[in-house]
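For reference, the structure is listed below as structure tokens.
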Amino acid sequence: MIWIRNPPSHSTSDWIPSRSHEPPTQNSMNATALPIEPSVAHLKNAYSGRSFPEFDLKRLLHNVFHPKGGERVAILIDLQDTSHMKDYAFLADRTLFIQHHAYHRFFNQLRAGVMKELGFQSVALFAYTVTGGSNLDLPSECVDADGHTLSLENDICAKHDLILCISTFSATAPLTAFAKQYGFRGATMHGMNSTILATGLAVDYDNVSRQAEKLRLGMTKADAVEIDFSVAGQSATLRLELGQQEAQKSHGLCRGGPDVANLPAGEVYFIPTDAYGEFPMRYSDGTLGMLTVADCAIRSARLISGNQAIIDDHNARLLADPMIGKLGELGFGTQELPPCGKDIQDEKILGTLHVATGRSDHLGGSITPDLFVKRSNATHDDILFSSTKTPDIDVPQARLFRDGRCHVVIERYGPSAYLKSLLAS
């Protein structure tokens, strides 16, 4: 993982947005300018045949926020080199598909009429330097289309009512902290691709909220969850204690006070109070490791197959900063969505589950960046188990213990009869 240092802070409190950069219309972009995305056509699940309405930005923003009128809107993207924000020069790089979607499907459409239809006062696009990790602190500065360097807090967070962050890495944790401090509402949509736009962002979030609530009510106040794993002829079980806590839901609606929605949404989640046992992990290069858990933290990893150096590096990082291994979340997907190859949507699919390491303050947990040896270690990393992300790891069963009863909730990446009965109620 690459860590990028935040740039030095400069005072820009008197910044005034420029009107000199009118974005080109979609019609002015020829076919060769379309972004280049990795194909996900090979990824299929039980919901791949489901049909969705066409993506509609006005419908999405109205559905999520119920705008009050007069809001000032900021769209944040991330770039390796923020000098390419000037005059929207980043559009020349067709591999930046996330940033292209932010520009064409959000910024451009807002300026073309959606802003007026929703009663927004203004909309502007800004870029900050890529953080290099999930939910790391955001840089102190960003850049506008004139190439001006601005303060992310003073010029963006303090002066806008709605902030949409469409980035490479998730910014939900730091942006949620800023929302509470400055009073704005927002949404994070990292990893955006065409499948997400056509499916996960095309749904009715009132319905997503209702479905998530049905599952939340049937899972809340649980004592514990046990997850069985099978990989390469080995079996393991991870038990997570939940202490009868109130289950939470990520449902995509952000209509009240300061808050940040994570889109696509559709999840029931818990903050573990303890965890122990073992579970397998598939690393980004395909290496498989078995992780030992005690006292709610990953303590060590051992090789199942693949590259021993990957395992050695993981163990070295756990030794250098034990907070890296802290388990801060257990989540279950609630939506009938096709896979898109990005965890932001694939973890919301019904029948999937994930555990997450690292900071949990944005979820109501107590793991904050100051507890890590270095703040650059304070990521929130989801470890997703699904039929497409971890096909070589099976989850024969996940069980939830509640009210003195044991409920099977997942069987081989499918919702159990118990979850289906909750959704049918």
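Scheme for the structure tokens: letters A, B, ... for chains in order shown; per-chain residue numbers from 1; ligand numbers from 1 in order shown.
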
| message | List as a PyMOL selection string the protein and nucleic acid residues near Ile156 (chain A), meaning an atom at most 9 Å away when only C-alpha atoms are counted, but skip any in the same chain fewer than 4 places from it. | response | chain A and resi 74+126+142+150-152+160+163

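The spacing separating CA of Leu43 (chain A) from CA of Thr388 (chain A) amounts to 6.3 Å.
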
| query | Between A:Leu197, A:Ile410, A:Cys157, A:Met323, which one has atoms that come closest to Val373 (chain A), using only C-alpha atoms? | reply | A:Met323

| Residues within 10 Å of region 341-350 of chain A, only C-alpha atoms, excluding chain neighbours under 6 positions, as a VMD selection string | chain A and resid 38 to 43 45 to 47 169 to 170 188 to 193 195 to 196 199 to 201 250 to 251 262 to 268 331 to 335 382 to 389 410 413 to 415 419

Go ahead and write the selection's residues with N, CA and C atoms as a compact mmCIF listing (two decimals), in the first residue's frame.
# COMPACT_ATOMS: atom_id res chain seq x y z
N PRO A 38 -12.05 -1.49 -16.41
CA PRO A 38 -11.87 -2.95 -16.42
C PRO A 38 -13.21 -3.63 -16.61
N SER A 39 -13.25 -4.67 -17.42
CA SER A 39 -14.50 -5.39 -17.66
C SER A 39 -14.89 -6.22 -16.43
N VAL A 40 -16.18 -6.19 -16.11
CA VAL A 40 -16.70 -7.02 -15.01
C VAL A 40 -17.76 -7.98 -15.53
N ALA A 41 -17.78 -8.18 -16.86
CA ALA A 41 -18.80 -9.03 -17.47
C ALA A 41 -18.74 -10.47 -16.97
N HIS A 42 -17.58 -10.90 -16.51
CA HIS A 42 -17.41 -12.28 -16.05
C HIS A 42 -17.96 -12.49 -14.65
N LEU A 43 -18.27 -11.42 -13.94
CA LEU A 43 -18.77 -11.54 -12.57
C LEU A 43 -20.28 -11.72 -12.57
N ASN A 45 -23.81 -13.33 -10.29
CA ASN A 45 -24.38 -13.91 -9.08
C ASN A 45 -25.86 -14.15 -9.29
N ALA A 46 -26.58 -14.48 -8.24
CA ALA A 46 -28.00 -14.83 -8.36
C ALA A 46 -28.86 -13.66 -8.80
N TYR A 47 -28.32 -12.42 -8.70
CA TYR A 47 -29.11 -11.24 -9.02
C TYR A 47 -28.67 -10.57 -10.32
N PHE A 169 -10.31 5.94 -3.13
CA PHE A 169 -10.41 5.30 -1.82
C PHE A 169 -11.55 5.93 -1.02
N SER A 170 -12.18 5.14 -0.16
CA SER A 170 -13.28 5.64 0.65
C SER A 170 -12.83 6.80 1.53
N THR A 188 -20.49 9.53 0.06
CA THR A 188 -19.24 9.03 -0.48
C THR A 188 -19.55 7.90 -1.45
N MET A 189 -18.90 7.94 -2.61
CA MET A 189 -19.17 6.97 -3.67
C MET A 189 -17.85 6.56 -4.31
N HIS A 190 -16.95 5.97 -3.53
CA HIS A 190 -15.64 5.63 -4.07
C HIS A 190 -15.73 4.42 -5.01
N GLY A 191 -14.79 4.35 -5.93
CA GLY A 191 -14.73 3.20 -6.84
C GLY A 191 -15.81 3.17 -7.90
N MET A 192 -16.47 4.29 -8.15
CA MET A 192 -17.62 4.30 -9.07
C MET A 192 -17.26 3.76 -10.45
N ASN A 193 -18.09 2.85 -10.95
CA ASN A 193 -17.95 2.38 -12.32
C ASN A 193 -19.32 2.29 -12.98
N THR A 195 -21.21 -0.21 -13.84
CA THR A 195 -22.16 -1.14 -13.23
C THR A 195 -22.81 -0.52 -12.00
N ILE A 196 -22.04 0.18 -11.19
CA ILE A 196 -22.61 0.84 -10.02
C ILE A 196 -23.64 1.88 -10.44
N THR A 199 -26.87 0.15 -11.62
CA THR A 199 -27.58 -0.75 -10.70
C THR A 199 -27.68 -0.16 -9.29
N GLY A 200 -26.57 -0.13 -8.57
CA GLY A 200 -26.61 0.29 -7.18
C GLY A 200 -27.02 1.73 -6.95
N LEU A 201 -26.80 2.61 -7.93
CA LEU A 201 -27.22 4.00 -7.81
C LEU A 201 -28.50 4.29 -8.58
N SER A 250 -26.89 0.78 7.11
CA SER A 250 -26.49 1.73 6.07
C SER A 250 -27.56 1.63 4.99
N HIS A 251 -28.37 2.67 4.88
CA HIS A 251 -29.56 2.58 4.02
C HIS A 251 -29.64 3.66 2.97
N ASN A 262 -23.07 6.41 2.63
CA ASN A 262 -22.13 5.63 1.84
C ASN A 262 -22.92 4.93 0.74
N LEU A 263 -22.69 5.31 -0.51
CA LEU A 263 -23.48 4.80 -1.63
C LEU A 263 -22.61 4.00 -2.60
N PRO A 264 -23.14 2.89 -3.13
CA PRO A 264 -24.43 2.28 -2.84
C PRO A 264 -24.53 1.83 -1.38
N ALA A 265 -25.75 1.85 -0.86
CA ALA A 265 -26.01 1.46 0.52
C ALA A 265 -26.76 0.13 0.54
N GLY A 266 -27.00 -0.35 1.77
CA GLY A 266 -27.73 -1.60 1.93
C GLY A 266 -26.96 -2.58 2.78
N GLU A 267 -26.97 -2.35 4.09
CA GLU A 267 -26.13 -3.14 4.98
C GLU A 267 -26.68 -3.07 6.41
N VAL A 268 -26.58 -4.17 7.14
CA VAL A 268 -26.79 -4.19 8.58
C VAL A 268 -25.44 -4.49 9.21
N GLY A 331 -20.43 -6.77 9.03
CA GLY A 331 -21.53 -6.30 8.20
C GLY A 331 -22.14 -7.39 7.34
N PHE A 332 -23.44 -7.23 7.07
CA PHE A 332 -24.19 -8.15 6.21
C PHE A 332 -24.90 -7.34 5.13
N GLY A 333 -24.76 -7.76 3.86
CA GLY A 333 -25.43 -7.08 2.76
C GLY A 333 -26.92 -7.32 2.76
N THR A 334 -27.68 -6.35 2.25
CA THR A 334 -29.14 -6.44 2.27
C THR A 334 -29.80 -6.25 0.91
N GLN A 335 -29.04 -5.92 -0.14
CA GLN A 335 -29.62 -5.62 -1.44
C GLN A 335 -29.44 -6.76 -2.45
N ASP A 382 -12.35 -3.17 4.70
CA ASP A 382 -13.33 -4.26 4.69
C ASP A 382 -12.71 -5.52 4.11
N ILE A 383 -12.93 -6.63 4.77
CA ILE A 383 -12.53 -7.94 4.26
C ILE A 383 -13.81 -8.66 3.86
N LEU A 384 -14.09 -8.64 2.56
CA LEU A 384 -15.37 -9.11 2.03
C LEU A 384 -15.32 -10.58 1.66
N PHE A 385 -16.39 -11.28 2.00
CA PHE A 385 -16.57 -12.67 1.59
C PHE A 385 -17.81 -12.75 0.72
N SER A 386 -17.60 -13.11 -0.55
CA SER A 386 -18.71 -13.22 -1.50
C SER A 386 -18.35 -14.24 -2.56
N SER A 387 -19.34 -14.66 -3.31
CA SER A 387 -19.11 -15.69 -4.33
C SER A 387 -18.18 -15.22 -5.43
N THR A 388 -18.09 -13.90 -5.65
CA THR A 388 -17.24 -13.38 -6.72
C THR A 388 -15.91 -12.85 -6.21
N LYS A 389 -15.87 -12.30 -5.00
CA LYS A 389 -14.62 -11.76 -4.45
C LYS A 389 -13.73 -12.87 -3.90
N ILE A 410 -26.67 -16.95 6.90
CA ILE A 410 -26.08 -17.10 5.57
C ILE A 410 -25.65 -18.55 5.38
N TYR A 413 -23.02 -18.19 0.74
CA TYR A 413 -23.22 -16.91 0.06
C TYR A 413 -24.65 -16.70 -0.42
N GLY A 414 -25.57 -17.28 0.30
CA GLY A 414 -26.98 -17.03 0.02
C GLY A 414 -27.70 -16.71 1.32
N PRO A 415 -28.78 -15.91 1.26
CA PRO A 415 -29.55 -15.62 2.46
C PRO A 415 -30.25 -16.87 2.96
N LEU A 419 -33.50 -15.12 7.03
CA LEU A 419 -33.44 -13.79 6.41
C LEU A 419 -34.55 -13.61 5.38

Do you have, as JSON lines, the list of residues of region 169-272 of chain A lying at most 9 Å from region 357-362 of chain A, each with its nearest atom pair and that distance in Å to one decimal, counting only C-alpha atoms and ordered by chain then number?
{"residue": "A:Thr172", "atom": "CA", "partner": "A:His362", "partner_atom": "CA", "distance": 7.4}
{"residue": "A:Ala173", "atom": "CA", "partner": "A:His362", "partner_atom": "CA", "distance": 4.9}
{"residue": "A:Pro174", "atom": "CA", "partner": "A:His362", "partner_atom": "CA", "distance": 7.8}
{"residue": "A:Leu175", "atom": "CA", "partner": "A:His362", "partner_atom": "CA", "distance": 8.9}
{"residue": "A:Thr176", "atom": "CA", "partner": "A:His362", "partner_atom": "CA", "distance": 6.3}
{"residue": "A:Ala177", "atom": "CA", "partner": "A:His362", "partner_atom": "CA", "distance": 7.0}
{"residue": "A:Ile271", "atom": "CA", "partner": "A:Ser360", "partner_atom": "CA", "distance": 7.8}

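Our summary of the geometry notes that CA of Ser167 (chain A) is positioned 6.6 Å from CA of Ile98 (chain A).
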
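Taking CA of Asn108 (chain A) and CA of Leu125 (chain A) as endpoints, the distance between them is 9.8 Å.
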